[in-house]
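Data block for coords23.pdb (PDB, C-alpha atoms, pLDDT in the B column):
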ATOM      1  CA  MET O   1      85.335 -27.107 -75.143  1.00 46.00           C
ATOM      2  CA  ASN O   2      84.698 -24.269 -77.609  1.00 52.00           C
ATOM      3  CA  VAL O   3      85.623 -24.211 -81.284  1.00 44.00           C
ATOM      4  CA  LEU O   4      88.893 -22.327 -80.906  1.00 45.00           C
ATOM      5  CA  ALA O   5      90.097 -24.632 -78.154  1.00 47.00           C
ATOM      6  CA  CYS O   6      89.296 -27.627 -80.357  1.00 47.00           C
ATOM      7  CA  LEU O   7      91.231 -26.095 -83.232  1.00 41.00           C
ATOM      8  CA  GLY O   8      94.186 -25.513 -80.942  1.00 47.00           C
ATOM      9  CA  ALA O   9      94.107 -29.118 -79.823  1.00 47.00           C
ATOM     10  CA  VAL O  10      93.870 -30.301 -83.428  1.00 41.00           C
ATOM     11  CA  ALA O  11      96.877 -28.187 -84.386  1.00 45.00           C
ATOM     12  CA  VAL O  12      98.959 -29.675 -81.584  1.00 45.00           C
ATOM     13  CA  VAL O  13      97.872 -33.204 -82.479  1.00 44.00           C
ATOM     14  CA  ALA O  14      98.635 -32.589 -86.137  1.00 45.00           C
ATOM     15  CA  TRP O  15     102.065 -31.267 -85.265  1.00 45.00           C
ATOM     16  CA  THR O  16     102.801 -34.276 -83.054  1.00 48.00           C
ATOM     17  CA  ALA O  17     101.574 -36.692 -85.701  1.00 45.00           C
ATOM     18  CA  GLY O  18     103.732 -34.988 -88.315  1.00 50.00           C
ATOM     19  CA  VAL O  19     106.813 -35.294 -86.156  1.00 47.00           C
ATOM     20  CA  VAL O  20     106.174 -38.972 -85.428  1.00 45.00           C
ATOM     21  CA  LEU O  21     105.441 -39.724 -89.074  1.00 46.00           C
ATOM     22  CA  GLY O  22     108.551 -37.873 -90.179  1.00 50.00           C
ATOM     23  CA  ARG O  23     110.719 -39.784 -87.744  1.00 48.00           C
ATOM     24  CA  THR O  24     109.180 -43.071 -88.849  1.00 47.00           C
ATOM     25  CA  ARG O  25     109.913 -42.311 -92.483  1.00 48.00           C
ATOM     26  CA  VAL O  26     113.482 -41.389 -91.662  1.00 44.00           C
ATOM     27  CA  ARG O  27     114.019 -44.630 -89.797  1.00 47.00           C
ATOM     28  CA  SER O  28     112.401 -46.643 -92.593  1.00 44.00           C
ATOM     29  CA  ARG O  29     114.664 -45.085 -95.207  1.00 46.00           C
ATOM     30  CA  GLN O  30     117.648 -45.323 -92.867  1.00 42.00           C
ATOM     31  CA  ALA O  31     118.952 -42.213 -94.526  1.00 50.00           C
ATOM     32  CA  ASN O  32     120.284 -38.984 -93.083  1.00 63.00           C
ATOM     33  CA  VAL O  33     118.198 -35.817 -93.470  1.00 61.00           C
ATOM     34  CA  SER O  34     119.972 -33.103 -95.362  1.00 75.00           C
ATOM     35  CA  PRO O  35     120.540 -29.763 -93.595  1.00 76.00           C
ATOM     36  CA  SER O  36     118.027 -28.004 -95.854  1.00 76.00           C
ATOM     37  CA  GLU O  37     115.353 -30.645 -95.207  1.00 73.00           C
ATOM     38  CA  LEU O  38     116.023 -30.485 -91.471  1.00 73.00           C
ATOM     39  CA  LYS O  39     115.678 -26.707 -91.514  1.00 74.00           C
ATOM     40  CA  THR O  40     112.389 -26.968 -93.403  1.00 78.00           C
ATOM     41  CA  LEU O  41     111.077 -29.554 -90.940  1.00 75.00           C
ATOM     42  CA  GLN O  42     112.066 -27.423 -87.965  1.00 75.00           C
ATOM     43  CA  GLY O  43     110.335 -24.426 -89.531  1.00 75.00           C
ATOM     44  CA  ARG O  44     107.130 -26.391 -89.990  1.00 76.00           C
ATOM     45  CA  MET O  45     107.294 -27.656 -86.424  1.00 78.00           C
ATOM     46  CA  LEU O  46     107.755 -24.124 -85.092  1.00 78.00           C
ATOM     47  CA  HIS O  47     104.888 -22.855 -87.247  1.00 73.00           C
ATOM     48  CA  ALA O  48     102.576 -25.592 -85.931  1.00 74.00           C
ATOM     49  CA  GLN O  49     103.552 -24.777 -82.351  1.00 76.00           C
ATOM     50  CA  ASN O  50     102.883 -21.069 -82.893  1.00 76.00           C
ATOM     51  CA  MET O  51      99.492 -21.816 -84.435  1.00 76.00           C
ATOM     52  CA  GLY O  52      98.526 -23.960 -81.461  1.00 74.00           C
ATOM     53  CA  MET O  53      99.583 -21.272 -78.978  1.00 78.00           C
ATOM     54  CA  ARG O  54      97.705 -18.536 -80.844  1.00 77.00           C
ATOM     55  CA  LEU O  55      94.535 -20.603 -81.072  1.00 75.00           C
ATOM     56  CA  GLN O  56      94.707 -21.376 -77.365  1.00 76.00           C
ATOM     57  CA  GLU O  57      95.134 -17.662 -76.648  1.00 76.00           C
ATOM     58  CA  LEU O  58      92.137 -16.832 -78.838  1.00 74.00           C
ATOM     59  CA  ALA O  59      90.074 -19.471 -77.029  1.00 72.00           C
ATOM     60  CA  SER O  60      91.034 -17.969 -73.673  1.00 71.00           C
ATOM     61  CA  ASN O  61      90.132 -14.462 -74.856  1.00 73.00           C
ATOM     62  CA  GLN O  62      86.811 -15.705 -76.207  1.00 73.00           C
ATOM     63  CA  GLN O  63      85.937 -17.336 -72.887  1.00 73.00           C
ATOM     64  CA  ARG O  64      86.836 -14.157 -71.004  1.00 74.00           C
ATOM     65  CA  LEU O  65      84.679 -12.105 -73.380  1.00 76.00           C
ATOM     66  CA  GLN O  66      81.726 -14.454 -72.864  1.00 75.00           C
ATOM     67  CA  GLU O  67      82.087 -14.130 -69.090  1.00 75.00           C
ATOM     68  CA  GLU O  68      82.189 -10.329 -69.358  1.00 76.00           C
ATOM     69  CA  GLN O  69      79.103 -10.308 -71.580  1.00 80.00           C
ATOM     70  CA  ALA O  70      77.229 -12.504 -69.094  1.00 79.00           C
ATOM     71  CA  HIS O  71      78.191 -10.139 -66.265  1.00 78.00           C
ATOM     72  CA  LEU O  72      77.044  -7.121 -68.286  1.00 84.00           C
ATOM     73  CA  GLN O  73      73.669  -8.787 -68.848  1.00 87.00           C
ATOM     74  CA  LEU O  74      73.338  -9.361 -65.106  1.00 87.00           C
ATOM     75  CA  LEU O  75      74.125  -5.706 -64.469  1.00 88.00           C
ATOM     76  CA  GLN O  76      71.538  -4.665 -67.053  1.00 91.00           C
ATOM     77  CA  ASP O  77      68.879  -6.784 -65.343  1.00 91.00           C
ATOM     78  CA  LEU O  78      69.896  -5.335 -61.986  1.00 93.00           C
ATOM     79  CA  LYS O  79      69.735  -1.795 -63.365  1.00 93.00           C
ATOM     80  CA  ASP O  80      66.145  -2.381 -64.466  1.00 94.00           C
ATOM     81  CA  GLU O  81      65.198  -3.570 -60.979  1.00 95.00           C
ATOM     82  CA  VAL O  82      66.944  -0.621 -59.318  1.00 95.00           C
ATOM     83  CA  HIS O  83      65.072   1.709 -61.660  1.00 96.00           C
ATOM     84  CA  TRP O  84      61.807   0.241 -60.362  1.00 96.00           C
ATOM     85  CA  LEU O  85      62.998   0.645 -56.759  1.00 95.00           C
ATOM     86  CA  LEU O  86      63.790   4.317 -57.295  1.00 95.00           C
ATOM     87  CA  SER O  87      60.474   4.924 -59.044  1.00 95.00           C
ATOM     88  CA  GLU O  88      58.704   3.467 -55.993  1.00 95.00           C
ATOM     89  CA  VAL O  89      60.659   5.792 -53.708  1.00 94.00           C
ATOM     90  CA  GLU O  90      59.740   8.753 -55.889  1.00 94.00           C
ATOM     91  CA  SER O  91      56.083   7.723 -55.898  1.00 92.00           C
ATOM     92  CA  THR O  92      56.089   7.477 -52.106  1.00 91.00           C
ATOM     93  CA  LEU O  93      57.664  10.904 -51.740  1.00 91.00           C
ATOM     94  CA  THR O  94      55.021  12.495 -53.947  1.00 90.00           C
ATOM     95  CA  LYS O  95      52.472  11.221 -51.422  1.00 86.00           C
ATOM     96  CA  HIS O  96      54.521  12.191 -48.378  1.00 78.00           C
ATOM     97  CA  HIS O  97      51.456  13.614 -46.631  1.00 80.00           C
ATOM     98  CA  GLU O  98      50.040  10.074 -46.464  1.00 83.00           C
ATOM     99  CA  HIS O  99      53.067   8.622 -44.667  1.00 81.00           C
ATOM    100  CA  ASP O 100      54.726   8.973 -41.306  1.00 87.00           C
ATOM    101  CA  PRO O 101      57.634  11.476 -41.576  1.00 89.00           C
ATOM    102  CA  ASP O 102      59.959   9.305 -39.491  1.00 90.00           C
ATOM    103  CA  ARG O 103      59.284   6.313 -41.714  1.00 89.00           C
ATOM    104  CA  LEU O 104      59.999   8.401 -44.810  1.00 91.00           C
ATOM    105  CA  GLU O 105      63.306   9.508 -43.327  1.00 93.00           C
ATOM    106  CA  ASP O 106      64.202   5.911 -42.491  1.00 93.00           C
ATOM    107  CA  MET O 107      63.289   4.902 -46.041  1.00 94.00           C
ATOM    108  CA  LEU O 108      65.532   7.545 -47.591  1.00 94.00           C
ATOM    109  CA  ASP O 109      68.463   6.671 -45.331  1.00 95.00           C
ATOM    110  CA  ALA O 110      68.035   2.960 -46.035  1.00 95.00           C
ATOM    111  CA  THR O 111      67.717   3.569 -49.777  1.00 95.00           C
ATOM    112  CA  GLY O 112      70.956   5.547 -49.879  1.00 95.00           C
ATOM    113  CA  LYS O 113      72.856   2.766 -48.133  1.00 95.00           C
ATOM    114  CA  ALA O 114      71.192   0.115 -50.305  1.00 96.00           C
ATOM    115  CA  LEU O 115      72.332   1.867 -53.478  1.00 95.00           C
ATOM    116  CA  ARG O 116      75.910   1.992 -52.185  1.00 95.00           C
ATOM    117  CA  LEU O 117      75.779  -1.732 -51.435  1.00 96.00           C
ATOM    118  CA  VAL O 118      74.427  -2.451 -54.915  1.00 95.00           C
ATOM    119  CA  LEU O 119      77.274  -0.468 -56.479  1.00 93.00           C
ATOM    120  CA  ASP O 120      79.812  -2.388 -54.407  1.00 94.00           C
ATOM    121  CA  ALA O 121      78.228  -5.658 -55.514  1.00 94.00           C
ATOM    122  CA  GLY O 122      78.480  -4.624 -59.152  1.00 90.00           C
ATOM    123  CA  ARG O 123      82.195  -3.996 -58.724  1.00 90.00           C
ATOM    124  CA  GLN O 124      82.772  -7.264 -56.859  1.00 91.00           C
ATOM    125  CA  PRO O 125      79.960  -9.718 -57.649  1.00 92.00           C
ATOM    126  CA  MET O 126      81.541 -12.785 -56.058  1.00 93.00           C
ATOM    127  CA  THR O 127      81.448 -12.844 -52.269  1.00 94.00           C
ATOM    128  CA  THR O 128      80.777 -15.173 -49.364  1.00 93.00           C
ATOM    129  CA  TRP O 129      77.238 -16.135 -48.449  1.00 93.00           C
ATOM    130  CA  GLN O 130      77.701 -14.463 -45.065  1.00 92.00           C
ATOM    131  CA  ARG O 131      78.598 -11.120 -46.637  1.00 93.00           C
ATOM    132  CA  ALA O 132      75.890 -11.474 -49.260  1.00 94.00           C
ATOM    133  CA  GLN O 133      73.350 -11.980 -46.473  1.00 94.00           C
ATOM    134  CA  GLU O 134      74.358  -8.698 -44.861  1.00 94.00           C
ATOM    135  CA  THR O 135      73.700  -6.847 -48.114  1.00 96.00           C
ATOM    136  CA  LEU O 136      70.468  -8.728 -48.785  1.00 96.00           C
ATOM    137  CA  THR O 137      69.202  -8.172 -45.245  1.00 95.00           C
ATOM    138  CA  HIS O 138      69.597  -4.408 -45.559  1.00 96.00           C
ATOM    139  CA  LEU O 139      68.100  -4.406 -49.047  1.00 97.00           C
ATOM    140  CA  HIS O 140      65.134  -6.430 -47.793  1.00 97.00           C
ATOM    141  CA  LYS O 141      64.601  -3.935 -44.966  1.00 96.00           C
ATOM    142  CA  THR O 142      64.735  -1.076 -47.476  1.00 96.00           C
ATOM    143  CA  LEU O 143      62.185  -2.705 -49.759  1.00 97.00           C
ATOM    144  CA  CYS O 144      59.866  -3.360 -46.825  1.00 96.00           C
ATOM    145  CA  LEU O 145      60.046   0.335 -45.930  1.00 95.00           C
ATOM    146  CA  ILE O 146      59.314   1.295 -49.530  1.00 95.00           C
ATOM    147  CA  ARG O 147      56.338  -1.066 -49.698  1.00 94.00           C
ATOM    148  CA  ASP O 148      55.147  -0.052 -46.220  1.00 92.00           C
ATOM    149  CA  LEU O 149      55.497  -3.598 -44.897  1.00 94.00           C
ATOM    150  CA  PRO O 150      56.254  -4.440 -41.254  1.00 93.00           C
ATOM    151  CA  THR O 151      59.906  -4.057 -40.295  1.00 87.00           C
ATOM    152  CA  PRO O 152      61.608  -7.442 -40.769  1.00 89.00           C
ATOM    153  CA  ASN O 153      63.660  -9.118 -38.079  1.00 81.00           C
ATOM    154  CA  PRO O 154      67.318  -9.493 -39.130  1.00 74.00           C
ATOM    155  CA  GLN O 155      68.187 -13.139 -39.724  1.00 71.00           C
ATOM    156  CA  ILE O 156      71.723 -14.208 -40.568  1.00 72.00           C
ATOM    157  CA  ASP O 157      72.193 -17.843 -41.509  1.00 68.00           C
ATOM    158  CA  GLU O 158      75.147 -18.997 -39.395  1.00 66.00           C
ATOM    159  CA  THR O 159      75.715 -22.369 -41.047  1.00 72.00           C
ATOM    160  CA  GLN O 160      78.587 -24.231 -42.618  1.00 74.00           C
ATOM    161  CA  ASN O 161      77.675 -22.493 -45.886  1.00 85.00           C
ATOM    162  CA  ALA O 162      78.658 -19.059 -44.569  1.00 85.00           C
ATOM    163  CA  GLU O 163      82.055 -19.052 -46.293  1.00 88.00           C
ATOM    164  CA  LYS O 164      80.869 -20.465 -49.609  1.00 91.00           C
ATOM    165  CA  HIS O 165      81.058 -18.033 -52.510  1.00 93.00           C
ATOM    166  CA  ILE O 166      78.148 -16.901 -54.629  1.00 94.00           C
ATOM    167  CA  ASN O 167      77.280 -14.185 -57.137  1.00 94.00           C
ATOM    168  CA  GLN O 168      75.547 -11.542 -55.042  1.00 94.00           C
ATOM    169  CA  VAL O 169      74.432  -9.577 -58.118  1.00 94.00           C
ATOM    170  CA  VAL O 170      72.112 -12.460 -59.016  1.00 94.00           C
ATOM    171  CA  LEU O 171      70.730 -12.578 -55.472  1.00 96.00           C
ATOM    172  CA  ILE O 172      70.188  -8.815 -55.304  1.00 96.00           C
ATOM    173  CA  GLN O 173      68.353  -8.855 -58.622  1.00 95.00           C
ATOM    174  CA  LEU O 174      66.141 -11.701 -57.386  1.00 96.00           C
ATOM    175  CA  MET O 175      65.442  -9.887 -54.121  1.00 96.00           C
ATOM    176  CA  ILE O 176      64.228  -6.707 -55.819  1.00 97.00           C
ATOM    177  CA  GLU O 177      62.309  -8.672 -58.442  1.00 96.00           C
ATOM    178  CA  SER O 178      60.463 -10.698 -55.803  1.00 96.00           C
ATOM    179  CA  HIS O 179      59.363  -7.469 -54.098  1.00 97.00           C
ATOM    180  CA  ARG O 180      58.389  -5.862 -57.393  1.00 96.00           C
ATOM    181  CA  LEU O 181      56.191  -8.845 -58.248  1.00 96.00           C
ATOM    182  CA  ARG O 182      54.788  -8.922 -54.690  1.00 96.00           C
ATOM    183  CA  LEU O 183      56.080 -12.468 -54.273  1.00 96.00           C
ATOM    184  CA  THR O 184      57.637 -11.829 -50.879  1.00 95.00           C
ATOM    185  CA  ASP O 185      56.608 -10.058 -47.691  1.00 94.00           C
ATOM    186  CA  GLU O 186      58.537  -8.998 -44.585  1.00 94.00           C
ATOM    187  CA  VAL O 187      59.935 -12.515 -44.080  1.00 93.00           C
ATOM    188  CA  PHE O 188      63.500 -12.796 -45.387  1.00 94.00           C
ATOM    189  CA  PRO O 189      63.052 -14.973 -48.493  1.00 94.00           C
ATOM    190  CA  PHE O 190      66.530 -16.501 -48.894  1.00 94.00           C
ATOM    191  CA  VAL O 191      67.671 -19.757 -47.306  1.00 91.00           C
ATOM    192  CA  GLY O 192      71.159 -21.230 -47.611  1.00 90.00           C
ATOM    193  CA  ARG O 193      71.283 -24.918 -48.467  1.00 89.00           C
ATOM    194  CA  ASP O 194      73.996 -27.427 -49.298  1.00 87.00           C
ATOM    195  CA  SER O 195      73.385 -26.970 -53.029  1.00 89.00           C
ATOM    196  CA  GLY O 196      73.057 -23.186 -52.954  1.00 92.00           C
ATOM    197  CA  VAL O 197      70.644 -20.421 -51.975  1.00 93.00           C
ATOM    198  CA  THR O 198      66.888 -20.805 -52.402  1.00 93.00           C
ATOM    199  CA  THR O 199      64.297 -18.037 -52.595  1.00 92.00           C
ATOM    200  CA  GLN O 200      61.036 -19.084 -50.946  1.00 90.00           C
ATOM    201  CA  LEU O 201      58.192 -17.078 -52.475  1.00 93.00           C
ATOM    202  CA  ILE O 202      54.725 -16.573 -51.028  1.00 92.00           C
ATOM    203  CA  ASP O 203      53.023 -18.195 -54.026  1.00 92.00           C
ATOM    204  CA  GLY O 204      54.748 -21.471 -53.166  1.00 91.00           C
ATOM    205  CA  THR O 205      57.341 -21.351 -55.937  1.00 92.00           C
ATOM    206  CA  GLN O 206      61.078 -21.331 -55.398  1.00 92.00           C
ATOM    207  CA  ARG O 207      64.069 -20.028 -57.289  1.00 92.00           C
ATOM    208  CA  SER O 208      67.530 -21.335 -56.584  1.00 92.00           C
ATOM    209  CA  VAL O 209      71.032 -20.020 -57.137  1.00 92.00           C
ATOM    210  CA  SER O 210      73.722 -22.647 -56.809  1.00 91.00           C
ATOM    211  CA  TRP O 211      77.155 -21.927 -55.454  1.00 92.00           C
ATOM    212  CA  SER O 212      78.213 -22.190 -59.104  1.00 70.00           C
ATOM    213  CA  GLN O 213      75.950 -19.184 -59.869  1.00 51.00           C
ATOM    214  CA  ASP O 214      73.401 -21.072 -61.975  1.00 48.00           C
ATOM    215  CA  VAL O 215      69.787 -19.954 -61.656  1.00 50.00           C
ATOM    216  CA  ARG O 216      67.003 -22.469 -62.109  1.00 48.00           C
ATOM    217  CA  GLU O 217      63.266 -22.731 -61.561  1.00 46.00           C
ATOM    218  CA  ASP O 218      62.162 -25.445 -59.094  1.00 48.00           C
TER     219      ASP O 218
END
Output the file's structure in the form of structure tokens.
Amino acid sequence: MNVLACLGAVAVVAWTAGVVLGRTRVRSRQANVSPSELKTLQGRMLHAQNMGMRLQELASNQQRLQEEQAHLQLLQDLKDEVHWLLSEVESTLTKHHEHDPDRLEDMLDATGKALRLVLDAGRQPMTTWQRAQETLTHLHKTLCLIRDLPTPNPQIDETQNAEKHINQVVLIQLMIESHRLRLTDEVFPFVGRDSGVTTQLIDGTQRSVSWSQDVRED
């Protein structure tokens, strides 16, 4: 619970305690509260309620802002990886005489579609594992074309995890990064597991993304 939420809870507790204490004092005195005192008490109660509601609203806004900032950081990391991808395409095109023309055409077509998929992912990061695999499979094919690796065989994981949701922006960023660092080859590196999705890298290391979007080193 963040600070603002705690303050909101404290305000509500304080208000409740004040009401109980006030009622106890009234009963102990066995005296009637005058209209002016009752009005003052009601005003204080209303003020405490308003404070609690405002603090809860601030806490909610703060949480939403933190989530937006985290998403923006993910997009920034993804932008850096896409910049590398495009620089590799440009480098390949400058040496077009060294490459098969048909392969270059396939690379350009695949790159265009990959960029559209990345944009869609940025607009809607949360998706099912099945849909994320479709995007990742095409992106993997594109990166293999860019790196002049053998064409990969499409592999869609048809398991009970297919309908689980995951942040595809994180997976896309990891896919491009693993190619940039030469930590993957033409074999599709992602595997769906009960706990989440694992990237199996050629140096023996693994990186995992849980269904709750957390990334950790194994």
| request: Could you check which of O:Leu136, O:Ile176, O:Val209, O:Leu181 is closest to O:Asp80, using all atoms listed in the file? | output: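 Of all the options, O:Ile176 lies closest to O:Asp80.
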| said: I need the residue nearest O:Glu177 from this list: O:Val118, O:Glu81, O:Asn61, O:Leu86. Use all atoms listed in the file for the distance. | reply: O:Glu81
When the PyMOL selection byres ((chain O and resi 193-197) around 6) is applied to the structure above, which residues does it catch, written out as a PDB file with C-alpha atoms, keeping the file's coordinate frame?
ATOM      1  CA  VAL O 191      67.671 -19.757 -47.306  1.00 91.00           C
ATOM      2  CA  GLY O 192      71.159 -21.230 -47.611  1.00 90.00           C
ATOM      3  CA  THR O 198      66.888 -20.805 -52.402  1.00 93.00           C
ATOM      4  CA  SER O 208      67.530 -21.335 -56.584  1.00 92.00           C
ATOM      5  CA  VAL O 209      71.032 -20.020 -57.137  1.00 92.00           C
ATOM      6  CA  SER O 210      73.722 -22.647 -56.809  1.00 91.00           C
ATOM      7  CA  TRP O 211      77.155 -21.927 -55.454  1.00 92.00           C
TER       8      TRP O 211
END
| task | Using the chain letters and residue numbers of this document, give as an MDAnalysis selection string the residues selected by the PyMOL selection byres ((chain O and resi 141) around 8). | result | chainID O and resid 110 137:140 142:145 151:152 186
| query | From the list O:Gln206, O:Ser212, O:Thr111, O:Gln69, which residue is nearest O:Met126 when using all atoms listed in the file? | reply |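 Smallest distance to O:Met126 is found for O:Ser212.
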| task | Could you tell me which of O:His71, O:Asp148, O:Arg123, O:Gln66 comes closest to O:Glu98 if we count only C-alpha atoms? | result |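 That would be O:Asp148, the residue with the smallest distance to O:Glu98.
Those residues that approach O:Leu78 to within 8 Å, counting all atoms listed in the file, are Val169, Ile172 and Gln173 of chain O; same-chain residues fewer than 5 positions away are not listed.
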| Pick the closest to O:Val89 from O:Leu119, O:Leu46, O:Ile146, O:Leu104: which is it, counting all atoms listed in the file? |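 Of all the options, O:Ile146 lies closest to O:Val89.
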| query | So what do you get for atom CA of O:Thr128 versus atom CA of O:Asn161, distance-wise? | reply | 8.7 Å
| request: With the file shown as input, list the residues that the PyMOL selection byres ((chain O and resi 129) around 9) selects, as a list in words. | output: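 Applying the PyMOL selection byres ((chain O and resi 129) around 9) to the structure shown produces Thr127, Thr128, Gln130, Arg131, Ala132, Gln133, Glu134, Asp157, Asn161, Ala162, Glu163, Lys164, His165, Ile166, Asn167, Gln168, Gly192 and Val197 of chain O.
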Specify the axis-aligned box that encloses all atoms of stretch 84-93 of chain O listed in the file after padding of 4 Å on each side, stating its centre and edge lengths in Å to one decimal as JSON.
{"center_x": 59.9, "center_y": 5.6, "center_z": -56.1, "size_x": 15.7, "size_y": 18.7, "size_z": 16.6}
| task | Could you check how far atom CA of O:Ile202 sits from atom CA of O:Leu183, in Å to one decimal? | result |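 These two atoms are separated by 5.4 Å.
The interatomic distance for the pair atom CA of O:Lys95 and atom CA of O:Asp185 works out to 22.0 Å.
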| Using all atoms listed in the file, which of the listed residues (O:Leu38, O:Met45, O:Leu201, O:Ala121) sits closest to O:Leu171? | O:Ala121
